[in-house]
Each structure stands twice: as C-alpha cells, then as structure tokens.
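Listing of query_30.cif, mmCIF, C-alpha atoms
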```
data_data
loop_
_atom_site.label_atom_id
_atom_site.label_comp_id
_atom_site.auth_asym_id
_atom_site.auth_seq_id
_atom_site.Cartn_x
_atom_site.Cartn_y
_atom_site.Cartn_z
CA MET A 1 8.91 16.28 -6.99
CA GLU A 2 5.44 15.11 -8.01
CA TYR A 3 6.67 11.51 -7.96
CA LEU A 4 7.86 11.89 -4.35
CA LEU A 5 4.55 13.49 -3.39
CA HIS A 6 2.71 10.59 -5.04
CA LEU A 7 4.73 8.14 -2.94
CA LEU A 8 3.78 10.10 0.18
CA VAL A 9 0.12 9.91 -0.79
CA MET A 10 0.31 6.13 -1.25
CA PHE A 11 2.32 5.78 1.96
CA GLY A 12 -0.30 7.74 3.91
CA ILE A 13 -3.24 5.83 2.43
CA PHE A 14 -1.75 2.36 2.85
CA GLY A 15 -0.38 3.28 6.27
CA ALA A 16 -3.93 4.09 7.37
CA LEU A 17 -5.18 0.82 5.85
CA ALA A 18 -2.45 -1.13 7.66
CA SER A 19 -3.43 0.65 10.90
CA ALA A 20 -6.99 -0.57 10.40
CA ALA A 21 -5.71 -4.12 9.88
CA ASN A 22 -3.60 -3.73 13.01
CA ILE A 23 -6.63 -2.68 15.06
CA ASP A 24 -8.55 -5.78 13.99
CA ALA A 25 -5.77 -8.37 13.94
CA GLY A 26 -3.26 -6.89 16.37
CA TYR A 27 -5.70 -5.99 19.12
CA GLY A 28 -8.82 -8.04 18.38
CA GLY A 29 -7.19 -11.13 16.89
CA VAL A 30 -9.42 -10.99 13.78
CA LEU A 31 -7.44 -11.64 10.60
CA SER A 32 -9.41 -10.27 7.66
CA PHE A 33 -8.56 -10.06 3.96
CA ALA A 34 -11.57 -7.89 3.17
CA TYR A 35 -9.82 -4.53 3.56
CA ALA A 36 -9.38 -4.01 -0.17
CA ALA A 37 -13.12 -4.59 -0.64
CA VAL A 38 -14.04 -2.15 2.16
CA PHE A 39 -11.46 0.31 0.78
CA GLY A 40 -13.00 -0.08 -2.67
CA ALA A 41 -16.51 0.39 -1.30
CA GLY A 42 -15.49 3.73 0.22
CA ALA A 43 -13.78 4.77 -3.00
CA TYR A 44 -16.74 3.78 -5.19
CA VAL A 45 -19.24 5.62 -2.99
CA THR A 46 -17.01 8.68 -3.17
CA ALA A 47 -16.71 8.41 -6.95
CA TYR A 48 -20.46 7.92 -7.41
CA LEU A 49 -21.39 10.88 -5.21
CA LEU A 50 -18.74 13.29 -6.54
CA GLY A 51 -19.17 12.14 -10.14
CA PRO A 52 -22.68 11.28 -11.43
CA GLN A 53 -24.45 12.83 -8.43
CA SER A 54 -22.28 15.99 -8.17
CA ALA A 55 -22.60 15.84 -4.39
CA PRO A 56 -20.51 18.13 -2.16
CA VAL A 57 -17.41 16.87 -0.40
CA TRP A 58 -19.01 17.30 3.02
CA LEU A 59 -21.53 14.63 2.02
CA ALA A 60 -19.16 12.28 0.17
CA LEU A 61 -16.65 11.93 3.03
CA PRO A 62 -19.16 10.94 5.75
CA ALA A 63 -20.84 8.60 3.27
CA ALA A 64 -17.52 6.85 2.54
CA VAL A 65 -16.83 6.53 6.27
CA ALA A 66 -20.34 5.20 6.94
CA VAL A 67 -20.02 2.63 4.13
CA GLY A 68 -16.62 1.56 5.51
CA ILE A 69 -18.11 1.05 8.97
CA GLY A 70 -21.11 -0.82 7.60
CA ALA A 71 -19.02 -3.09 5.37
CA ASN A 72 -16.62 -3.94 8.18
CA LEU A 73 -19.49 -4.65 10.57
CA ILE A 74 -20.87 -7.13 8.04
CA VAL A 75 -17.44 -8.76 8.16
CA ALA A 76 -17.66 -8.71 11.98
CA ALA A 77 -21.02 -10.49 11.80
CA ILE A 78 -19.40 -13.20 9.72
CA ALA A 79 -16.51 -13.41 12.20
CA SER A 80 -18.84 -14.17 15.09
CA ARG A 81 -20.01 -17.35 13.34
CA LEU A 82 -16.74 -18.79 12.01
CA ALA A 83 -13.46 -20.05 13.41
CA ASP A 84 -10.34 -17.99 12.69
CA GLY A 85 -9.11 -20.00 9.70
CA ASP A 86 -12.56 -20.28 8.16
CA PHE A 87 -13.12 -16.56 8.71
CA ALA A 88 -9.96 -15.59 6.83
CA VAL A 89 -11.06 -17.69 3.85
CA ALA A 90 -14.57 -16.22 4.07
CA THR A 91 -13.20 -12.67 3.88
CA LEU A 92 -11.28 -13.59 0.73
CA ALA A 93 -14.55 -14.86 -0.71
CA ALA A 94 -16.26 -11.61 0.32
CA HIS A 95 -13.56 -9.69 -1.51
CA GLY A 96 -14.16 -11.76 -4.63
CA LEU A 97 -17.89 -11.06 -4.36
CA PHE A 98 -17.24 -7.32 -4.15
CA ALA A 99 -14.99 -7.42 -7.22
CA ALA A 100 -17.63 -9.32 -9.20
CA VAL A 101 -20.42 -6.94 -8.18
CA VAL A 102 -18.62 -3.69 -9.09
CA ALA A 103 -17.30 -5.16 -12.35
CA ASN A 104 -20.85 -6.02 -13.43
CA THR A 105 -22.78 -3.01 -12.14
CA ASP A 106 -23.37 -0.31 -14.74
CA LEU A 107 -24.33 2.20 -12.05
CA VAL A 108 -20.67 2.45 -10.99
CA GLY A 109 -19.15 2.07 -14.46
CA GLY A 110 -18.86 -1.72 -14.55
CA PRO A 111 -15.59 -2.97 -16.08
CA MET A 112 -14.83 0.52 -17.45
CA GLY A 113 -14.61 2.13 -14.03
CA LEU A 114 -15.92 5.51 -12.92
CA GLN A 115 -14.39 8.91 -13.64
CA ILE A 116 -14.47 11.73 -11.08
CA PRO A 117 -14.28 15.44 -11.96
CA GLN A 118 -11.74 17.61 -10.21
CA VAL A 119 -12.94 18.43 -6.70
CA GLN A 120 -11.94 21.60 -4.90
CA VAL A 121 -12.30 22.62 -1.27
CA GLY A 122 -11.51 26.20 -0.38
CA GLY A 123 -9.84 26.70 -3.75
CA LEU A 124 -7.57 23.69 -3.26
CA SER A 125 -7.84 20.70 -5.59
CA LEU A 126 -8.04 17.35 -3.79
CA SER A 127 -6.25 15.76 -6.76
CA SER A 128 -3.23 18.04 -6.33
CA PRO A 129 -0.27 15.90 -5.18
CA ILE A 130 0.73 18.28 -2.40
CA VAL A 131 -2.84 18.64 -1.11
CA ALA A 132 -3.47 14.90 -1.35
CA ALA A 133 -0.18 14.18 0.44
CA ALA A 134 -1.16 16.51 3.28
CA ILE A 135 -4.58 14.86 3.59
CA ALA A 136 -3.19 11.31 3.38
CA LEU A 137 -0.51 11.98 6.00
CA SER A 138 -3.11 13.62 8.23
CA LEU A 139 -5.24 10.48 7.94
CA LEU A 140 -2.20 8.34 8.79
CA THR A 141 -1.51 10.51 11.84
CA LEU A 142 -5.14 10.14 12.93
CA SER A 143 -4.98 6.36 12.49
CA VAL A 144 -1.81 6.08 14.57
CA ALA A 145 -3.32 8.30 17.27
CA ALA A 146 -6.46 6.13 17.28
CA ALA A 147 -4.39 2.94 17.62
CA TYR A 148 -2.28 4.56 20.38
CA LYS A 149 -5.42 5.59 22.28
CA LEU A 150 -6.98 2.15 21.80
CA GLN A 151 -3.86 0.39 23.07
CA ARG A 152 -4.05 2.27 26.38
CA SER A 153 -7.81 2.13 26.82
CA SER A 154 -9.89 -0.39 28.75
CA LEU A 155 -11.29 -1.57 25.40
CA GLY A 156 -7.76 -2.22 24.12
CA ARG A 157 -6.89 -4.23 27.23
CA ALA A 158 -10.10 -6.21 26.91
CA LEU A 159 -9.35 -6.91 23.24
CA ARG A 160 -5.91 -8.24 24.10
CA VAL A 161 -7.43 -10.64 26.62
CA VAL A 162 -9.99 -11.76 24.02
CA ARG A 163 -7.20 -12.25 21.49
CA GLU A 164 -5.11 -14.36 23.84
CA ASP A 165 -7.85 -16.44 25.49
CA ALA A 166 -11.53 -16.07 24.64
CA VAL A 167 -12.54 -18.50 27.41
CA LEU A 168 -10.68 -16.43 30.02
CA ALA A 169 -12.30 -13.29 28.61
CA ARG A 170 -15.78 -14.75 29.06
CA SER A 171 -14.95 -15.83 32.61
CA LEU A 172 -13.99 -12.22 33.37
CA GLY A 173 -17.29 -10.93 32.04
CA ILE A 174 -15.84 -9.47 28.84
CA ASP A 175 -18.21 -9.46 25.88
CA ALA A 176 -15.84 -10.57 23.12
CA SER A 177 -18.31 -9.87 20.32
CA ALA A 178 -19.03 -6.33 21.53
CA CYS A 179 -15.31 -5.58 21.84
CA ARG A 180 -14.56 -6.83 18.34
CA VAL A 181 -17.53 -5.01 16.83
CA ALA A 182 -16.32 -1.73 18.39
CA ALA A 183 -12.79 -2.29 17.06
CA MET A 184 -14.00 -3.21 13.58
CA ALA A 185 -16.29 -0.18 13.46
CA ALA A 186 -13.27 2.04 14.19
CA SER A 187 -11.10 0.29 11.60
CA GLY A 188 -13.93 0.43 9.06
CA ALA A 189 -14.14 4.19 9.48
CA LEU A 190 -10.41 4.50 8.73
CA VAL A 191 -10.67 2.28 5.66
CA GLY A 192 -13.69 4.19 4.33
CA ALA A 193 -11.88 7.50 4.81
CA ALA A 194 -8.85 6.09 2.98
CA GLY A 195 -11.17 5.17 0.10
CA PHE A 196 -12.36 8.78 -0.06
CA VAL A 197 -8.79 10.13 -0.14
CA PHE A 198 -7.77 7.65 -2.84
CA ALA A 199 -10.77 8.31 -5.10
CA SER A 200 -10.58 12.09 -4.83
CA TYR A 201 -6.83 11.96 -5.55
CA VAL A 202 -6.70 9.64 -8.58
CA GLN A 203 -10.10 10.85 -9.91
CA PHE A 204 -10.86 7.38 -11.22
CA VAL A 205 -11.90 4.08 -9.68
CA HIS A 206 -11.74 0.71 -11.37
CA PRO A 207 -12.18 -2.91 -10.20
CA ASP A 208 -8.47 -3.54 -10.88
CA SER A 209 -7.55 -0.99 -8.21
CA PHE A 210 -8.92 -3.23 -5.45
CA THR A 211 -7.64 -6.72 -6.15
CA THR A 212 -6.67 -9.64 -3.93
CA ARG A 213 -3.08 -8.42 -4.22
CA GLU A 214 -3.99 -5.21 -2.37
CA ALA A 215 -5.97 -7.22 0.19
CA VAL A 216 -2.95 -9.39 1.01
CA LEU A 217 -0.54 -6.45 0.85
CA ILE A 218 -2.45 -4.52 3.53
CA VAL A 219 -2.30 -7.46 5.93
CA CYS A 220 1.39 -8.00 5.13
CA MET A 221 2.13 -4.38 6.05
CA ALA A 222 0.54 -4.81 9.45
CA ILE A 223 2.37 -8.10 10.07
CA ALA A 224 5.76 -6.80 8.89
CA GLY A 225 5.53 -3.71 11.08
CA GLY A 226 4.35 -5.62 14.12
CA LEU A 227 0.79 -6.42 15.16
CA GLY A 228 -0.49 -4.78 18.31
CA THR A 229 1.67 -1.66 18.18
CA PRO A 230 0.61 1.75 16.80
CA TRP A 231 3.85 2.37 14.90
CA GLY A 232 3.97 -1.05 13.28
CA ALA A 233 1.59 -0.05 10.50
CA VAL A 234 3.72 2.99 9.68
CA ALA A 235 6.87 0.88 9.49
CA GLY A 236 5.15 -1.80 7.43
CA ALA A 237 3.73 0.74 4.97
CA ALA A 238 7.11 2.41 4.60
CA LEU A 239 8.77 -0.94 3.98
CA LEU A 240 6.28 -2.30 1.45
CA VAL A 241 5.31 0.94 -0.33
CA LEU A 242 8.58 2.85 -0.50
CA LEU A 243 11.21 0.09 -0.66
CA PRO A 244 9.81 -1.70 -3.76
CA GLU A 245 9.95 1.59 -5.65
CA GLY A 246 13.71 1.04 -5.77
CA LEU A 247 13.02 -1.53 -8.49
CA ARG A 248 12.28 1.38 -10.83
CA TRP A 249 15.95 2.36 -10.69
CA VAL A 250 17.33 -1.14 -11.29
CA GLY A 251 16.46 -1.02 -14.98
CA LEU A 252 14.17 -4.04 -15.09
CA PRO A 253 11.89 -4.43 -18.11
CA ALA A 254 8.45 -2.95 -17.49
CA ALA A 255 6.82 -6.33 -18.18
CA SER A 256 8.69 -8.03 -15.33
CA GLU A 257 8.56 -5.19 -12.80
CA GLY A 258 5.20 -6.29 -11.34
CA ALA A 259 6.33 -9.89 -10.97
CA MET A 260 9.58 -8.83 -9.28
CA ARG A 261 7.60 -6.62 -6.92
CA ASP A 262 5.44 -9.59 -5.90
CA ILE A 263 8.57 -11.71 -5.40
CA LEU A 264 10.02 -8.98 -3.19
CA TYR A 265 6.81 -8.80 -1.14
CA GLY A 266 6.79 -12.57 -0.66
CA SER A 267 10.47 -12.69 0.23
CA LEU A 268 10.14 -9.91 2.81
CA LEU A 269 7.12 -11.57 4.41
CA ALA A 270 8.90 -14.95 4.55
CA ALA A 271 11.96 -13.28 6.09
CA PHE A 272 9.82 -11.67 8.81
CA VAL A 273 7.99 -14.90 9.58
CA LEU A 274 11.29 -16.79 9.93
CA LEU A 275 13.60 -14.15 11.43
CA ARG A 276 11.36 -11.67 13.21
CA PRO A 277 7.82 -13.04 13.60
CA ALA A 278 6.83 -10.20 15.94
CA GLY A 279 7.56 -7.61 13.23
CA LEU A 280 9.71 -4.50 13.32
CA PHE A 281 7.99 -3.01 16.38
CA GLY A 282 6.75 -6.25 17.92
CA CYS A 283 8.99 -5.85 20.96
CA PHE A 284 6.85 -2.86 22.03
CA VAL A 285 3.59 -4.82 22.22
CA PRO A 286 2.25 -4.75 25.80
CA ALA A 287 1.29 -8.05 27.37
CA ALA A 288 -2.37 -8.81 27.94
CA LYS A 289 -3.46 -8.26 31.53
CA PRO A 290 -6.59 -9.93 32.81
CA HIS A 291 -7.30 -7.15 35.32
CA ASP A 292 -8.91 -3.79 34.55
CA THR A 293 -10.58 -4.94 31.36
CA THR A 294 -14.05 -3.50 31.92
CA VAL A 295 -15.17 -1.74 28.74
CA ARG A 296 -16.31 1.77 29.52
#
```

Show how you would write the structure in this file as structure tokens.
Amino acid sequence: MEYLLHLLVMFGIFGALASAANIDAGYGGVLSFAYAAVFGAGAYVTAYLLGPQSAPVWLALPAAVAVGIGANLIVAAIASRLADGDFAVATLAAHGLFAAVVANTDLVGGPMGLQIPQVQVGGLSLSSPIVAAAIALSLLTLSVAAAYKLQRSSLGRALRVVREDAVLARSLGIDASACRVAAMAASGALVGAAGFVFASYVQFVHPDSFTTREAVLIVCMAIAGGLGTPWGAVAGAALLVLLPEGLRWVGLPAASEGAMRDILYGSLLAAFVLLRPAGLFGCFVPAAKPHDTTVR
C-alpha cells in the first residue's frame, strides 16, 4: 500500500512539473530545461528553512514558491535575449550551474545533501505517504485548473498568437515579453510548490535528486501528453512515472534497471515524435486566434 501511495506522490509532483512545462512551452512557446533546477531550488529552500532554521511550514511554503517564481523569471530574462534553440541550450547550462553550486555550498549540505526533520501540520506528518499523496494530488489538481483557466483567458490566447507568430503578435499590439513573463511566473510558482512537497515528503535533498535526467524527463512528459492542453501533463506524467514501474516486475537485475528505464523513456519519446507528434491530447489544442488577444 505504501508503495502505491509513493507512486501517487511522484505522479502528483511530476504531473505538476509537467503542467508548468506545458504552460511555458505549450502556451508560450518557450522550451526550457531548467525545471529540475527550479524544482531543486524550491526543495533546497524548504529543506534549509525547515531543517537548520527550524522555520514554520507557513513560512517555508511561500518561500519555496517565491524562489520558484524568481528562478523562472531569471530564465525568462535569458529567453528574451536568445533564439529558441540557443535558449534551450542556455537553460541546460543554467541547470548545470545550479547543480555545481549546491554540490559545493556547505550551507545546504554540499555533496552530502541536507536532512529535514519530520514536519507536522495539525498533527499530520507531511512525510506520511497518505498525507503527501493528498497534498501532491491537490497540487496536480491546482496545476491542471490553472492551465485550464489560462487556456481560456485572454492571456492564453495572446500566448498562442505569440507562440505561432511573434511578428503578427507585435502587429496586434501584444507585448510578447510581458505575456511570457506572466506565464513563467505562474509556472515557477507551481515548480517551487512542487519542490516544497518533495522536500517535506522525502525529508532529504541531495544534488543527485535534481539531475539533467529529471530536467529532460519533465519536458518529455509535457510533450508526450500533448503541449497546449491542460490534461496533457497528467497523461504524460502517468505514462512516464507509472508505466516504467512495470520494469520492477520483469525481474531485471537492479544494476540494469536504470539503464532500461532510460531506454524506455527514449523509445516512448521517439514513438510519439514519429507516430503522434501532437501527443496523447494534442487533438484538443485550440487553434490560435488573432482576435480578442488583449491581455487584461
């Protein structure tokens, strides 16, 4: 039972992360590989405040969200100065910089990581699988609701025009930079909150928890589910979090399980690119409309 609850926790957390990637890439057309770094920043802030500083939860959660917003806005500032391909490479470099900084900073445990004591709210432990599952799924629900609201808002329509044709967007008076900054602030808040849920659940953060593999996996979830649709992130997270767990029942040696999981991820992504490039829910993506795109 605890194993199933753990899968639900990971599904909820990575579903929220994939929703954030969907907001940026699916609506704003900004492909970033910095989500693992922003996720890690939220988790490390949570661990530092709840651990060495013994801060209350009501302070740690807003701090993680604020750090997520700030980190993603730094990424947005980079995006405004680089072309799409260059930007994607730059975000990978930013992720590498984050990994190097946390691994060499004694304040957050360095290469040994940072331990968090058990945190309780109203008598409930945030590291309890059933409590963490409820919180993670609530965050996933919030992220889907945010993406659904964005899709039907004037900001969402403006973002789709910016994504399809930036020149047309400028001719219509749409401030592309302002639209993307607003979207990336929203996605950063979701990623920071996911970092808080992760850190308070596992009670330990380490540089190896936020690697390039996680950065690519988050983007793959959004792509596999279908960019530009609220439910795509949920489908992508279910596919790439729950399905690979079936390898545990195949009887593979523990040493080769990680490699086989990576092969499965790569094979699934290649299959989607070749057979269904729009993703599982791509057929539900609304077309960009140049009218009614004033951001209110």

Could you put an axis-aligned box around every listed atom of stretch 198-217 of chain A, padded by 4 Å on each side, and send me its centre and edge lengths in Å to one decimal, as JSON?
```
{"center_x": -6.4, "center_y": 1.2, "center_z": -5.2, "size_x": 19.6, "size_y": 29.7, "size_z": 20.4}
```

Where does the PyMOL selection byres ((chain A and resi 176-179) around 9) land in this file, that is, which residues does it pick, as a VMD selection string?
chain A and resid 28 76 to 77 80 155 to 156 158 to 159 162 to 163 166 169 to 170 174 to 175 180 to 184 295

Report as a ChimeraX atom specification the full result of the PyMOL selection byres ((chain A and resi 143-152) around 9) when it is applied to this structure.
/A:15-17,19-20,22-23,27,138-142,153-157,160,183,186-187,190,228-231,233-234,286

Looking at A:Val89, A:Val197, A:Val131, A:Ala36, which one is nearest to A:Ala60, with distances taken over only C-alpha atoms?
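Closest candidate: A:Val197.
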
Using all atoms listed in the file for the distances, tell me which of A:Gln120, A:Ser200, A:Gln115, A:Asn72 is nearest to A:Thr46.
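Looking only at the distances to A:Thr46, the closest residue turns out to be A:Ser200.
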
A:Phe33, A:Tyr48, A:Gln203, A:Val167: which is nearest A:Thr91, counting all atoms listed in the file?
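Going through A:Phe33, A:Tyr48, A:Gln203, A:Val167 one by one, the smallest distance to A:Thr91 is for A:Phe33.
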
A:Leu242 proximity check over A:Gly192, A:Ala43, A:Arg261, A:Ile74, using all atoms listed in the file: winner is A:Arg261

Pick from A:Leu264, A:Leu239, A:Val161, A:Ala270, whichever lies nearest to A:Gly26 using only C-alpha atoms:
A:Val161

List as JSON, numbers by chain the residues having at least one atom at most 8 Å from position (-16.6, -8.5, -12.1) as given in the file, counting only C-alpha atoms.
{"A": [99, 100, 101, 102, 103, 104, 110, 111, 207]}

Counting only C-alpha atoms, the residue of A:Ala47, A:Leu82, A:Ala18, A:Val38 that sits nearest A:Ala185
A:Val38

State, in Å with one decimal place, the distance from atom CA of A:Ile69 to atom CA of A:Gly96.
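Separation between atom CA of A:Ile69 and atom CA of A:Gly96: 19.1 Å.
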
Do a neighbour search on A:Gly122 at 12 Å with all atoms listed in the file, toss out local chain neighbours closer than 3 positions, and write the hits as a PyMOL selection string.
chain A and resi 57+119+125-126+131

Using Å and a single decimal, report how far atom CA of A:Val191 sits from atom CA of A:Pro52.
22.7 Å

To one decimal place in Å, what is the distance between atom CA of A:Ala189 and atom CA of A:Val65?
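These atoms are spaced 4.8 Å apart.
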
Shell of 7 Å around stretch 8-11 of chain A, only C-alpha atoms, local chain residues under 2 positions omitted, as JSON, numbers by chain
{"A": [4, 5, 6, 13, 14, 15, 132, 133, 136, 237, 238, 241]}

Quick one: apply the PyMOL selection byres ((chain A and resi 205) around 6) to the file and drop the selected residues here as a list in words.
Gly113, Leu114, Phe204 and His206 of chain A

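The list of residues with at least one atom within 8 Å of A:Ala94, based on all atoms listed in the file and without residues fewer than 4 positions apart in the same chain, reads A:Ala34, A:Ala37, A:Ala90, A:Phe98.
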
Taking (1.2, -5.1, 11.4) in the coordinates of the supplied file, I want to know which residues reach to within 7 Å of it, counting all atoms listed in the file; could you give the answer as a PyMOL selection string?
chain A and resi 18+22+26+219-227+232-233+236

Because some atoms of stretch 221-237 of chain A are absent here, can you restore N, CA and C atoms and send them as a short mmCIF file (atom, residue, chain, number, x, y, z; two decimals), in the coordinates of the input?
```cif
data_model
loop_
_atom_site.label_atom_id
_atom_site.label_comp_id
_atom_site.auth_asym_id
_atom_site.auth_seq_id
_atom_site.Cartn_x
_atom_site.Cartn_y
_atom_site.Cartn_z
N MET A 221 1.56 -5.59 5.45
CA MET A 221 2.13 -4.38 6.05
C MET A 221 1.97 -4.39 7.56
N ALA A 222 0.78 -4.77 8.02
CA ALA A 222 0.54 -4.81 9.45
C ALA A 222 1.41 -5.86 10.13
N ILE A 223 1.56 -7.02 9.49
CA ILE A 223 2.37 -8.10 10.07
C ILE A 223 3.85 -7.72 10.09
N ALA A 224 4.34 -7.16 8.98
CA ALA A 224 5.76 -6.80 8.89
C ALA A 224 6.13 -5.73 9.90
N GLY A 225 5.23 -4.77 10.12
CA GLY A 225 5.53 -3.71 11.08
C GLY A 225 5.43 -4.17 12.51
N GLY A 226 4.54 -5.13 12.76
CA GLY A 226 4.35 -5.62 14.12
C GLY A 226 2.92 -5.42 14.57
N LEU A 227 2.18 -6.51 14.72
CA LEU A 227 0.79 -6.42 15.16
C LEU A 227 0.72 -6.00 16.63
N GLY A 228 -0.27 -5.18 16.93
CA GLY A 228 -0.49 -4.78 18.31
C GLY A 228 0.30 -3.57 18.76
N THR A 229 0.93 -2.87 17.84
CA THR A 229 1.67 -1.66 18.18
C THR A 229 1.31 -0.55 17.20
N PRO A 230 1.07 0.67 17.68
CA PRO A 230 0.61 1.75 16.80
C PRO A 230 1.57 2.06 15.66
N TRP A 231 2.87 1.98 15.92
CA TRP A 231 3.85 2.37 14.90
C TRP A 231 4.17 1.26 13.92
N GLY A 232 3.69 0.06 14.18
CA GLY A 232 3.97 -1.05 13.28
C GLY A 232 3.41 -0.84 11.89
N ALA A 233 2.20 -0.29 11.81
CA ALA A 233 1.59 -0.05 10.50
C ALA A 233 2.38 0.97 9.69
N VAL A 234 2.92 1.98 10.37
CA VAL A 234 3.72 2.99 9.68
C VAL A 234 4.99 2.36 9.12
N ALA A 235 5.65 1.55 9.94
CA ALA A 235 6.87 0.88 9.49
C ALA A 235 6.58 -0.09 8.35
N GLY A 236 5.50 -0.85 8.48
CA GLY A 236 5.15 -1.80 7.43
C GLY A 236 4.81 -1.12 6.12
N ALA A 237 4.07 0.00 6.18
CA ALA A 237 3.73 0.74 4.97
C ALA A 237 4.98 1.33 4.32
#
```
